[in-house]
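Raw contents of target.pdb, PDB, C-alpha atoms:
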```pdb
MODEL        1
ATOM      1  CA  MET L   1       0.000   0.000   0.000  1.00  0.00           C
ATOM      2  CA  SER L   2       1.380   3.424  -0.864  1.00  0.00           C
ATOM      3  CA  ILE L   3       1.589   6.378   1.484  1.00  0.00           C
ATOM      4  CA  LYS L   4       0.492   9.807   0.346  1.00  0.00           C
ATOM      5  CA  VAL L   5       2.093  12.828   1.958  1.00  0.00           C
ATOM      6  CA  ARG L   6       0.075  15.951   1.344  1.00  0.00           C
ATOM      7  CA  LEU L   7       1.907  19.063   0.177  1.00  0.00           C
ATOM      8  CA  TYR L   8       0.599  22.606   0.640  1.00  0.00           C
ATOM      9  CA  TRP L   9       0.450  25.359  -1.955  1.00  0.00           C
ATOM     10  CA  LYS L  10       0.902  28.929  -0.787  1.00  0.00           C
ATOM     11  CA  THR L  11       0.012  31.759  -3.138  1.00  0.00           C
ATOM     12  CA  LYS L  12       0.210  35.501  -2.733  1.00  0.00           C
ATOM     13  CA  LEU L  13       0.321  38.439  -5.088  1.00  0.00           C
ATOM     14  CA  ASP L  14       3.557  40.320  -5.553  1.00  0.00           C
ATOM     15  CA  ARG L  15       2.675  43.784  -4.248  1.00  0.00           C
ATOM     16  CA  LEU L  16       5.617  45.452  -5.963  1.00  0.00           C
ATOM     17  CA  HIS L  17       4.410  44.507  -9.434  1.00  0.00           C
ATOM     18  CA  LEU L  18       0.764  44.853  -8.488  1.00  0.00           C
ATOM     19  CA  ALA L  19       1.374  48.563  -7.860  1.00  0.00           C
ATOM     20  CA  ASN L  20       2.262  48.794 -11.549  1.00  0.00           C
ATOM     21  CA  GLY L  21      -0.800  46.859 -12.613  1.00  0.00           C
ATOM     22  CA  ILE L  22       1.097  43.626 -13.256  1.00  0.00           C
ATOM     23  CA  HIS L  23      -0.386  40.446 -11.796  1.00  0.00           C
ATOM     24  CA  VAL L  24       2.361  38.147 -10.516  1.00  0.00           C
ATOM     25  CA  ARG L  25       1.696  35.320  -8.096  1.00  0.00           C
ATOM     26  CA  ILE L  26       4.371  34.186  -5.653  1.00  0.00           C
ATOM     27  CA  ILE L  27       3.765  30.467  -5.318  1.00  0.00           C
ATOM     28  CA  ARG L  28       5.544  27.977  -3.107  1.00  0.00           C
ATOM     29  CA  LEU L  29       5.021  24.333  -2.297  1.00  0.00           C
ATOM     30  CA  PHE L  30       5.549  23.307   1.330  1.00  0.00           C
ATOM     31  CA  VAL L  31       5.691  20.062   3.254  1.00  0.00           C
ATOM     32  CA  PRO L  32       5.920  19.656   7.043  1.00  0.00           C
ATOM     33  CA  VAL L  33       8.846  17.458   8.030  1.00  0.00           C
ATOM     34  CA  SER L  34      10.675  16.380  11.154  1.00  0.00           C
ATOM     35  CA  PHE L  35      14.319  15.450  11.693  1.00  0.00           C
ATOM     36  CA  ARG L  36      15.894  13.005  14.098  1.00  0.00           C
ATOM     37  CA  GLU L  37      17.906  15.040  16.593  1.00  0.00           C
ATOM     38  CA  THR L  38      19.134  12.467  19.092  1.00  0.00           C
ATOM     39  CA  THR L  39      16.871   9.626  20.030  1.00  0.00           C
ATOM     40  CA  GLU L  40      14.025  12.096  19.614  1.00  0.00           C
ATOM     41  CA  TRP L  41      12.483  13.789  16.621  1.00  0.00           C
ATOM     42  CA  SER L  42      12.099  17.519  16.132  1.00  0.00           C
ATOM     43  CA  ASP L  43       8.883  19.468  16.093  1.00  0.00           C
ATOM     44  CA  PRO L  44       7.460  19.916  12.580  1.00  0.00           C
ATOM     45  CA  VAL L  45       9.152  22.429  10.325  1.00  0.00           C
ATOM     46  CA  ASN L  46       7.952  23.558   6.936  1.00  0.00           C
ATOM     47  CA  ALA L  47      10.260  22.746   4.035  1.00  0.00           C
ATOM     48  CA  ILE L  48      10.103  24.164   0.534  1.00  0.00           C
ATOM     49  CA  ILE L  49       9.947  21.644  -2.298  1.00  0.00           C
ATOM     50  CA  ASP L  50      12.633  22.975  -4.626  1.00  0.00           C
ATOM     51  CA  LEU L  51      13.201  21.210  -7.935  1.00  0.00           C
ATOM     52  CA  GLY L  52      15.987  23.685  -8.664  1.00  0.00           C
ATOM     53  CA  SER L  53      18.056  22.215  -5.853  1.00  0.00           C
ATOM     54  CA  PRO L  54      19.783  18.925  -6.681  1.00  0.00           C
ATOM     55  CA  LEU L  55      20.107  18.078  -2.978  1.00  0.00           C
ATOM     56  CA  THR L  56      18.326  18.958   0.225  1.00  0.00           C
ATOM     57  CA  VAL L  57      19.783  21.916   2.149  1.00  0.00           C
ATOM     58  CA  LEU L  58      19.241  22.504   5.866  1.00  0.00           C
ATOM     59  CA  PRO L  59      19.854  25.916   7.458  1.00  0.00           C
ATOM     60  CA  LYS L  60      21.881  25.837  10.654  1.00  0.00           C
ATOM     61  CA  ARG L  61      18.844  26.569  12.825  1.00  0.00           C
ATOM     62  CA  VAL L  62      17.363  23.231  11.769  1.00  0.00           C
ATOM     63  CA  TRP L  63      20.378  20.946  12.157  1.00  0.00           C
ATOM     64  CA  GLN L  64      22.265  22.546  15.063  1.00  0.00           C
ATOM     65  CA  THR L  65      20.327  20.462  17.602  1.00  0.00           C
ATOM     66  CA  MET L  66      21.188  17.194  15.840  1.00  0.00           C
ATOM     67  CA  GLN L  67      23.728  14.947  17.526  1.00  0.00           C
ATOM     68  CA  ASN L  68      25.936  12.246  16.050  1.00  0.00           C
ATOM     69  CA  VAL L  69      25.650  13.653  12.550  1.00  0.00           C
ATOM     70  CA  GLN L  70      27.416  11.447  10.011  1.00  0.00           C
ATOM     71  CA  TYR L  71      29.360  13.881   7.837  1.00  0.00           C
ATOM     72  CA  LEU L  72      30.259  12.794   4.340  1.00  0.00           C
ATOM     73  CA  SER L  73      32.435  15.749   3.314  1.00  0.00           C
ATOM     74  CA  ASP L  74      34.370  18.755   4.483  1.00  0.00           C
ATOM     75  CA  ILE L  75      32.866  22.214   4.104  1.00  0.00           C
ATOM     76  CA  VAL L  76      32.190  22.967   0.443  1.00  0.00           C
ATOM     77  CA  PRO L  77      30.737  26.038  -1.292  1.00  0.00           C
ATOM     78  CA  LEU L  78      27.235  25.814  -2.755  1.00  0.00           C
ATOM     79  CA  GLY L  79      26.623  28.272  -5.555  1.00  0.00           C
ATOM     80  CA  GLY L  80      23.420  29.978  -6.577  1.00  0.00           C
ATOM     81  CA  VAL L  81      21.849  30.367  -3.147  1.00  0.00           C
ATOM     82  CA  GLY L  82      21.841  33.132  -0.579  1.00  0.00           C
ATOM     83  CA  LYS L  83      24.208  35.934  -1.523  1.00  0.00           C
ATOM     84  CA  GLY L  84      25.960  33.792  -4.110  1.00  0.00           C
ATOM     85  CA  VAL L  85      27.777  31.175  -2.036  1.00  0.00           C
ATOM     86  CA  VAL L  86      26.694  29.222   1.028  1.00  0.00           C
ATOM     87  CA  LEU L  87      29.163  27.006   2.875  1.00  0.00           C
ATOM     88  CA  ALA L  88      27.885  23.574   3.823  1.00  0.00           C
ATOM     89  CA  ARG L  89      28.895  20.010   4.648  1.00  0.00           C
ATOM     90  CA  LEU L  90      27.327  16.948   3.118  1.00  0.00           C
ATOM     91  CA  ALA L  91      25.862  14.600   5.708  1.00  0.00           C
ATOM     92  CA  LYS L  92      23.476  11.744   6.241  1.00  0.00           C
ATOM     93  CA  ILE L  93      20.373  12.669   8.201  1.00  0.00           C
ATOM     94  CA  GLU L  94      17.016  11.128   9.031  1.00  0.00           C
ATOM     95  CA  ILE L  95      13.899  12.919   7.857  1.00  0.00           C
ATOM     96  CA  ALA L  96      10.218  12.126   8.329  1.00  0.00           C
ATOM     97  CA  PHE L  97       7.411  13.411   6.154  1.00  0.00           C
ATOM     98  CA  LEU L  98       4.519  14.264   8.420  1.00  0.00           C
ATOM     99  CA  THR L  99       0.800  13.819   7.979  1.00  0.00           C
ATOM    100  CA  THR L 100      -2.157  13.882  10.328  1.00  0.00           C
ATOM    101  CA  GLN L 101      -2.517  10.130   9.776  1.00  0.00           C
ATOM    102  CA  LYS L 102      -0.687   7.338  11.557  1.00  0.00           C
ATOM    103  CA  GLU L 103       1.343   6.530   8.471  1.00  0.00           C
ATOM    104  CA  ILE L 104       4.463   8.639   8.678  1.00  0.00           C
ATOM    105  CA  PHE L 105       7.319   8.000   6.339  1.00  0.00           C
ATOM    106  CA  ALA L 106      10.875   8.316   7.630  1.00  0.00           C
ATOM    107  CA  ARG L 107      14.017   7.898   5.591  1.00  0.00           C
ATOM    108  CA  THR L 108      17.766   8.493   5.713  1.00  0.00           C
ATOM    109  CA  ILE L 109      18.864  10.976   3.085  1.00  0.00           C
ATOM    110  CA  LYS L 110      21.947  12.891   2.057  1.00  0.00           C
ATOM    111  CA  ALA L 111      21.691  16.622   2.681  1.00  0.00           C
ATOM    112  CA  TYR L 112      23.850  19.704   2.857  1.00  0.00           C
ATOM    113  CA  LEU L 113      24.060  21.256   6.314  1.00  0.00           C
ATOM    114  CA  ALA L 114      24.590  24.985   5.795  1.00  0.00           C
ATOM    115  CA  GLU L 115      26.948  26.923   8.030  1.00  0.00           C
ATOM    116  CA  ASP L 116      24.368  29.684   8.591  1.00  0.00           C
ATOM    117  CA  ASP L 117      20.696  30.550   8.204  1.00  0.00           C
ATOM    118  CA  ALA L 118      21.003  32.413   4.895  1.00  0.00           C
ATOM    119  CA  VAL L 119      19.274  29.600   3.076  1.00  0.00           C
ATOM    120  CA  PRO L 120      15.826  28.229   3.928  1.00  0.00           C
ATOM    121  CA  LEU L 121      15.007  24.552   4.370  1.00  0.00           C
ATOM    122  CA  LEU L 122      14.980  23.254   0.796  1.00  0.00           C
ATOM    123  CA  LEU L 123      14.056  19.727  -0.215  1.00  0.00           C
ATOM    124  CA  GLY L 124      15.952  18.869  -3.373  1.00  0.00           C
ATOM    125  CA  VAL L 125      15.707  16.116  -5.931  1.00  0.00           C
ATOM    126  CA  GLU L 126      18.282  13.535  -4.761  1.00  0.00           C
ATOM    127  CA  ASP L 127      16.894  11.112  -2.161  1.00  0.00           C
ATOM    128  CA  LEU L 128      13.452  12.701  -2.485  1.00  0.00           C
ATOM    129  CA  LEU L 129      12.133  12.544  -6.018  1.00  0.00           C
ATOM    130  CA  THR L 130      14.416   9.605  -6.670  1.00  0.00           C
ATOM    131  CA  TRP L 131      12.146   7.426  -4.521  1.00  0.00           C
ATOM    132  CA  ALA L 132       8.827   9.270  -4.264  1.00  0.00           C
ATOM    133  CA  ARG L 133       6.448  10.295  -6.997  1.00  0.00           C
ATOM    134  CA  LEU L 134       5.660  14.008  -6.947  1.00  0.00           C
ATOM    135  CA  VAL L 135       2.145  14.859  -8.066  1.00  0.00           C
ATOM    136  CA  CYS L 136       1.392  18.557  -8.568  1.00  0.00           C
ATOM    137  CA  ASP L 137      -1.969  19.923  -9.641  1.00  0.00           C
ATOM    138  CA  TYR L 138      -1.963  23.631  -8.898  1.00  0.00           C
ATOM    139  CA  PRO L 139      -5.245  24.378 -10.726  1.00  0.00           C
ATOM    140  CA  LYS L 140      -6.992  21.982  -8.337  1.00  0.00           C
ATOM    141  CA  SER L 141      -4.918  23.107  -5.330  1.00  0.00           C
ATOM    142  CA  LYS L 142      -3.575  19.599  -4.876  1.00  0.00           C
ATOM    143  CA  ALA L 143      -0.124  18.187  -4.483  1.00  0.00           C
ATOM    144  CA  PHE L 144       1.302  15.130  -2.802  1.00  0.00           C
ATOM    145  CA  LEU L 145       4.258  12.827  -2.584  1.00  0.00           C
ATOM    146  CA  GLN L 146       3.444   9.187  -3.140  1.00  0.00           C
ATOM    147  CA  VAL L 147       5.777   6.664  -1.618  1.00  0.00           C
TER     148      VAL L 147
ATOM    149  CA  MET R 148      -3.156  33.062  26.083  1.00  0.00           C
ATOM    150  CA  PRO R 149      -2.413  29.814  24.258  1.00  0.00           C
ATOM    151  CA  LYS R 150      -3.019  26.501  25.944  1.00  0.00           C
ATOM    152  CA  VAL R 151       0.132  25.146  27.470  1.00  0.00           C
ATOM    153  CA  LYS R 152       0.953  21.541  26.674  1.00  0.00           C
ATOM    154  CA  THR R 153       3.603  19.441  28.305  1.00  0.00           C
ATOM    155  CA  LYS R 154       6.009  18.067  25.756  1.00  0.00           C
ATOM    156  CA  SER R 155       6.601  14.342  25.765  1.00  0.00           C
ATOM    157  CA  ALA R 156       9.635  12.505  24.465  1.00  0.00           C
ATOM    158  CA  LYS R 157       9.319  12.021  20.725  1.00  0.00           C
ATOM    159  CA  THR R 158      11.012   8.742  20.033  1.00  0.00           C
ATOM    160  CA  ARG R 159       8.899   8.418  16.881  1.00  0.00           C
ATOM    161  CA  PRO R 160       8.296  11.130  14.284  1.00  0.00           C
ATOM    162  CA  PRO R 161       5.361  13.237  15.494  1.00  0.00           C
ATOM    163  CA  ARG R 162       1.958  12.996  13.898  1.00  0.00           C
ATOM    164  CA  LEU R 163       1.063  16.376  12.454  1.00  0.00           C
ATOM    165  CA  SER R 164      -1.462  18.163  14.666  1.00  0.00           C
ATOM    166  CA  ARG R 165      -4.562  19.753  13.204  1.00  0.00           C
ATOM    167  CA  GLN R 166      -3.598  22.906  15.113  1.00  0.00           C
ATOM    168  CA  TYR R 167      -0.354  23.086  13.132  1.00  0.00           C
ATOM    169  CA  LEU R 168      -2.319  22.924   9.894  1.00  0.00           C
ATOM    170  CA  ARG R 169      -4.811  25.528  11.148  1.00  0.00           C
ATOM    171  CA  ASP R 170      -1.952  27.861  12.064  1.00  0.00           C
ATOM    172  CA  GLN R 171      -0.361  27.278   8.664  1.00  0.00           C
ATOM    173  CA  GLN R 172      -3.639  28.071   6.899  1.00  0.00           C
ATOM    174  CA  TRP R 173      -4.076  31.218   8.998  1.00  0.00           C
ATOM    175  CA  VAL R 174      -0.619  32.420   7.940  1.00  0.00           C
ATOM    176  CA  PHE R 175      -1.322  31.617   4.297  1.00  0.00           C
ATOM    177  CA  ASP R 176      -4.645  33.506   4.499  1.00  0.00           C
ATOM    178  CA  HIS R 177      -3.149  36.564   6.226  1.00  0.00           C
ATOM    179  CA  ASP R 178       0.089  36.785   4.311  1.00  0.00           C
ATOM    180  CA  SER R 179      -0.459  40.316   3.006  1.00  0.00           C
ATOM    181  CA  GLU R 180      -1.124  41.755   6.480  1.00  0.00           C
ATOM    182  CA  LEU R 181       1.811  39.862   7.916  1.00  0.00           C
ATOM    183  CA  GLU R 182       4.067  41.157   5.145  1.00  0.00           C
ATOM    184  CA  GLU R 183       3.116  44.712   6.123  1.00  0.00           C
ATOM    185  CA  LYS R 184       3.768  44.171   9.812  1.00  0.00           C
ATOM    186  CA  TYR R 185       6.693  41.744   9.817  1.00  0.00           C
ATOM    187  CA  PRO R 186       8.593  42.088   6.521  1.00  0.00           C
ATOM    188  CA  ASN R 187      11.334  39.457   6.211  1.00  0.00           C
ATOM    189  CA  GLU R 188      10.934  38.456   9.850  1.00  0.00           C
ATOM    190  CA  TRP R 189      10.372  35.061  11.401  1.00  0.00           C
ATOM    191  CA  ILE R 190       7.091  34.650  13.227  1.00  0.00           C
ATOM    192  CA  VAL R 191       5.491  32.012  15.405  1.00  0.00           C
ATOM    193  CA  VAL R 192       1.718  31.781  15.150  1.00  0.00           C
ATOM    194  CA  HIS R 193      -0.810  30.022  17.342  1.00  0.00           C
ATOM    195  CA  ASN R 194      -4.597  30.294  17.148  1.00  0.00           C
ATOM    196  CA  GLY R 195      -4.546  33.363  14.948  1.00  0.00           C
ATOM    197  CA  GLU R 196      -2.036  35.224  17.103  1.00  0.00           C
ATOM    198  CA  VAL R 197       1.545  36.140  16.359  1.00  0.00           C
ATOM    199  CA  LEU R 198       3.317  35.132  19.562  1.00  0.00           C
ATOM    200  CA  ALA R 199       6.942  35.788  18.691  1.00  0.00           C
ATOM    201  CA  THR R 200       8.851  37.634  15.979  1.00  0.00           C
ATOM    202  CA  GLY R 201      12.464  38.352  15.123  1.00  0.00           C
ATOM    203  CA  ASP R 202      15.117  38.188  12.463  1.00  0.00           C
ATOM    204  CA  LYS R 203      16.830  35.106  13.865  1.00  0.00           C
ATOM    205  CA  ALA R 204      14.791  31.963  13.362  1.00  0.00           C
ATOM    206  CA  PHE R 205      16.402  29.980  16.146  1.00  0.00           C
ATOM    207  CA  ASP R 206      15.714  32.704  18.740  1.00  0.00           C
ATOM    208  CA  VAL R 207      12.069  32.927  17.696  1.00  0.00           C
ATOM    209  CA  TRP R 208      11.810  29.139  17.768  1.00  0.00           C
ATOM    210  CA  ARG R 209      13.302  29.048  21.264  1.00  0.00           C
ATOM    211  CA  ARG R 210      10.801  31.634  22.504  1.00  0.00           C
ATOM    212  CA  ALA R 211       8.004  29.499  21.094  1.00  0.00           C
ATOM    213  CA  GLY R 212       9.431  26.553  23.010  1.00  0.00           C
ATOM    214  CA  GLU R 213       9.347  28.584  26.223  1.00  0.00           C
ATOM    215  CA  LEU R 214       5.618  29.144  25.674  1.00  0.00           C
ATOM    216  CA  GLY R 215       5.161  25.371  25.696  1.00  0.00           C
ATOM    217  CA  LEU R 216       3.382  25.197  22.359  1.00  0.00           C
ATOM    218  CA  GLY R 217       2.852  21.622  21.191  1.00  0.00           C
ATOM    219  CA  GLN R 218       3.845  22.141  17.561  1.00  0.00           C
ATOM    220  CA  PRO R 219       4.714  25.815  17.036  1.00  0.00           C
ATOM    221  CA  PHE R 220       4.219  27.106  13.507  1.00  0.00           C
ATOM    222  CA  LEU R 221       7.367  29.023  12.538  1.00  0.00           C
ATOM    223  CA  PHE R 222       7.375  30.950   9.298  1.00  0.00           C
ATOM    224  CA  LEU R 223       9.503  33.461   7.414  1.00  0.00           C
ATOM    225  CA  VAL R 224       7.322  36.317   6.153  1.00  0.00           C
ATOM    226  CA  GLU R 225       8.968  37.044   2.838  1.00  0.00           C
ATOM    227  CA  ARG R 226       8.582  40.528   1.414  1.00  0.00           C
ATOM    228  CA  GLY R 227       8.599  40.397  -2.368  1.00  0.00           C
ATOM    229  CA  ILE R 228      10.116  37.551  -4.317  1.00  0.00           C
ATOM    230  CA  HIS R 229      12.926  35.543  -2.763  1.00  0.00           C
ATOM    231  CA  VAL R 230      14.726  33.240  -5.168  1.00  0.00           C
ATOM    232  CA  TYR R 231      16.897  30.508  -3.694  1.00  0.00           C
TER     233      TYR R 231
ENDMDL
END
```
Write out the structure in this file as structure tokens.
Amino acid sequence: MSIKVRLYWKTKLDRLHLANGIHVRIIRLFVPVSFRETTEWSDPVNAIIDLGSPLTVLPKRVWQTMQNVQYLSDIVPLGGVGKGVVLARLAKIEIAFLTTQKEIFARTIKAYLAEDDAVPLLLGVEDLLTWARLVCDYPKSKAFLQV
Amino acid sequence: MPKVKTKSAKTRPPRLSRQYLRDQQWVFDHDSELEEKYPNEWIVVHNGEVLATGDKAFDVWRRAGELGLGQPFLFLVERGIHVY
């Protein structure tokens, strides 16, 4: 049996362009997730589904309470985010995709742990869309991951 | 004042509370007002109230923890378009 994890669309109008009579929507797709910190799991945090990010990126505020992190690399620069470069280390972490149902899906994934909070929590393609089917239907306000 | 819940050890991933989803929906519905009041700030919302704000997410998160909220809804109120 497959598990469906609901995703949440957020839409607002860009006020800057609206003042010039141009209608631009700012749309994001969120999913509540939790991370294993020690033997316990974190409170839910909202992550942005970001198909422009090859890997998941965690800001420091999210991972700094994790213990026994298994690092896979030294600090490396990530281009194209924040003010141009964000420093981060590749690591293995445990993530759970949360729903209001009993079925909660947890998995170990590779992710970049950023050295600061300049980048938001981004869920990238590797270890996410490589094992889950992403279904997006913005016109019907629906989206989910199917595992 | 929000209801105060005692936190229990979470040895399993938490089930998402309906309150969390209600708080999320409230933020999504009131985004324009929030953008006016708290541009590019982190906020914690509970039951239609903004309980904590600031420019450092971890500090705001910690204040939410001190209030004893079960699953605090933390959110960055983005002003304009942020491209990551």
For the file shown, what are the residues hit by the PyMOL selection byres ((chain R) within 10 of (chain L)), laid out as a ChimeraX atom specification? /R:155-165,167-168,171-172,174-179,182,203-206,208,212,217-223,226-231
| Quick one, how far is atom CA of Trp131 of chain L from atom CA of Gln67 of chain L? |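 Between these atoms lies a distance of 26.0 Å.
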### Query
Interatomic distance between atom CA of Leu87 of chain L and atom CA of Asp116 of chain L?
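Separation of atom CA of Leu87 of chain L and atom CA of Asp116 of chain L: 7.9 Å.
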Query raised in the report: the PyMOL selection byres ((chain R and resi 185) around 9) on the file shown: which residues, as a list in words?
Result: Glu180, Leu181, Glu182, Glu183, Lys184, Pro186, Asn187, Glu188, Trp189, Ile190, Thr200, Gly201, Val224, Glu225 and Arg226 of chain R
Work out how far atom CA of Ala199 of chain R is from atom CA of Ala88 of chain L, in Å to one decimal.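 Interatomic distance here is 28.4 Å.
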Using only C-alpha atoms, the residue out of L:Ile22, L:Ala114, L:Ala132, L:Val5 with shortest distance to Gly79 of chain L is L:Ala114
Which polymer residues have any atom within 12 Å of an atom of Tyr112 of chain L, counting all atoms listed in the file, with same-chain residues fewer than 2 positions away left out, as an NGL selection string?
:L and (53-60 or 62-63 or 69-78 or 86-93 or 109-110 or 114-116 or 119-124 or 126)
Just checking: using only C-alpha atoms, which residue out of L:Val85, L:Leu113, L:Ala47, L:Val31 ends up closest to Lys4 of chain L?
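Of the candidates, the smallest distance to Lys4 of chain L is held by L:Val31.
If you count only C-alpha atoms and draw a sphere of 6 Å around (8.1, 25.6, -1.2), the protein and nucleic acid residues inside it come out as Arg28, Leu29, Phe30, Ile48 and Ile49 of chain L.
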Determine the axis-aligned bounding box of all atoms of segment 32-46 of chain L present in the file, pad each side by 6 Å, and express its centre and edge lengths in Å to one decimal place as JSON.
```
{"center_x": 12.5, "center_y": 16.6, "center_z": 13.5, "size_x": 25.2, "size_y": 25.9, "size_z": 25.1}
```
inquiry  = When you look at Trp173 of chain R with a cut-off of 9 Å (counting all atoms listed in the file), what residues show up, excluding the ones that are within fewer than 6 positions of it in the same chain? I need them as a PyMOL selection string.
reply    = chain R and resi 192+194-195
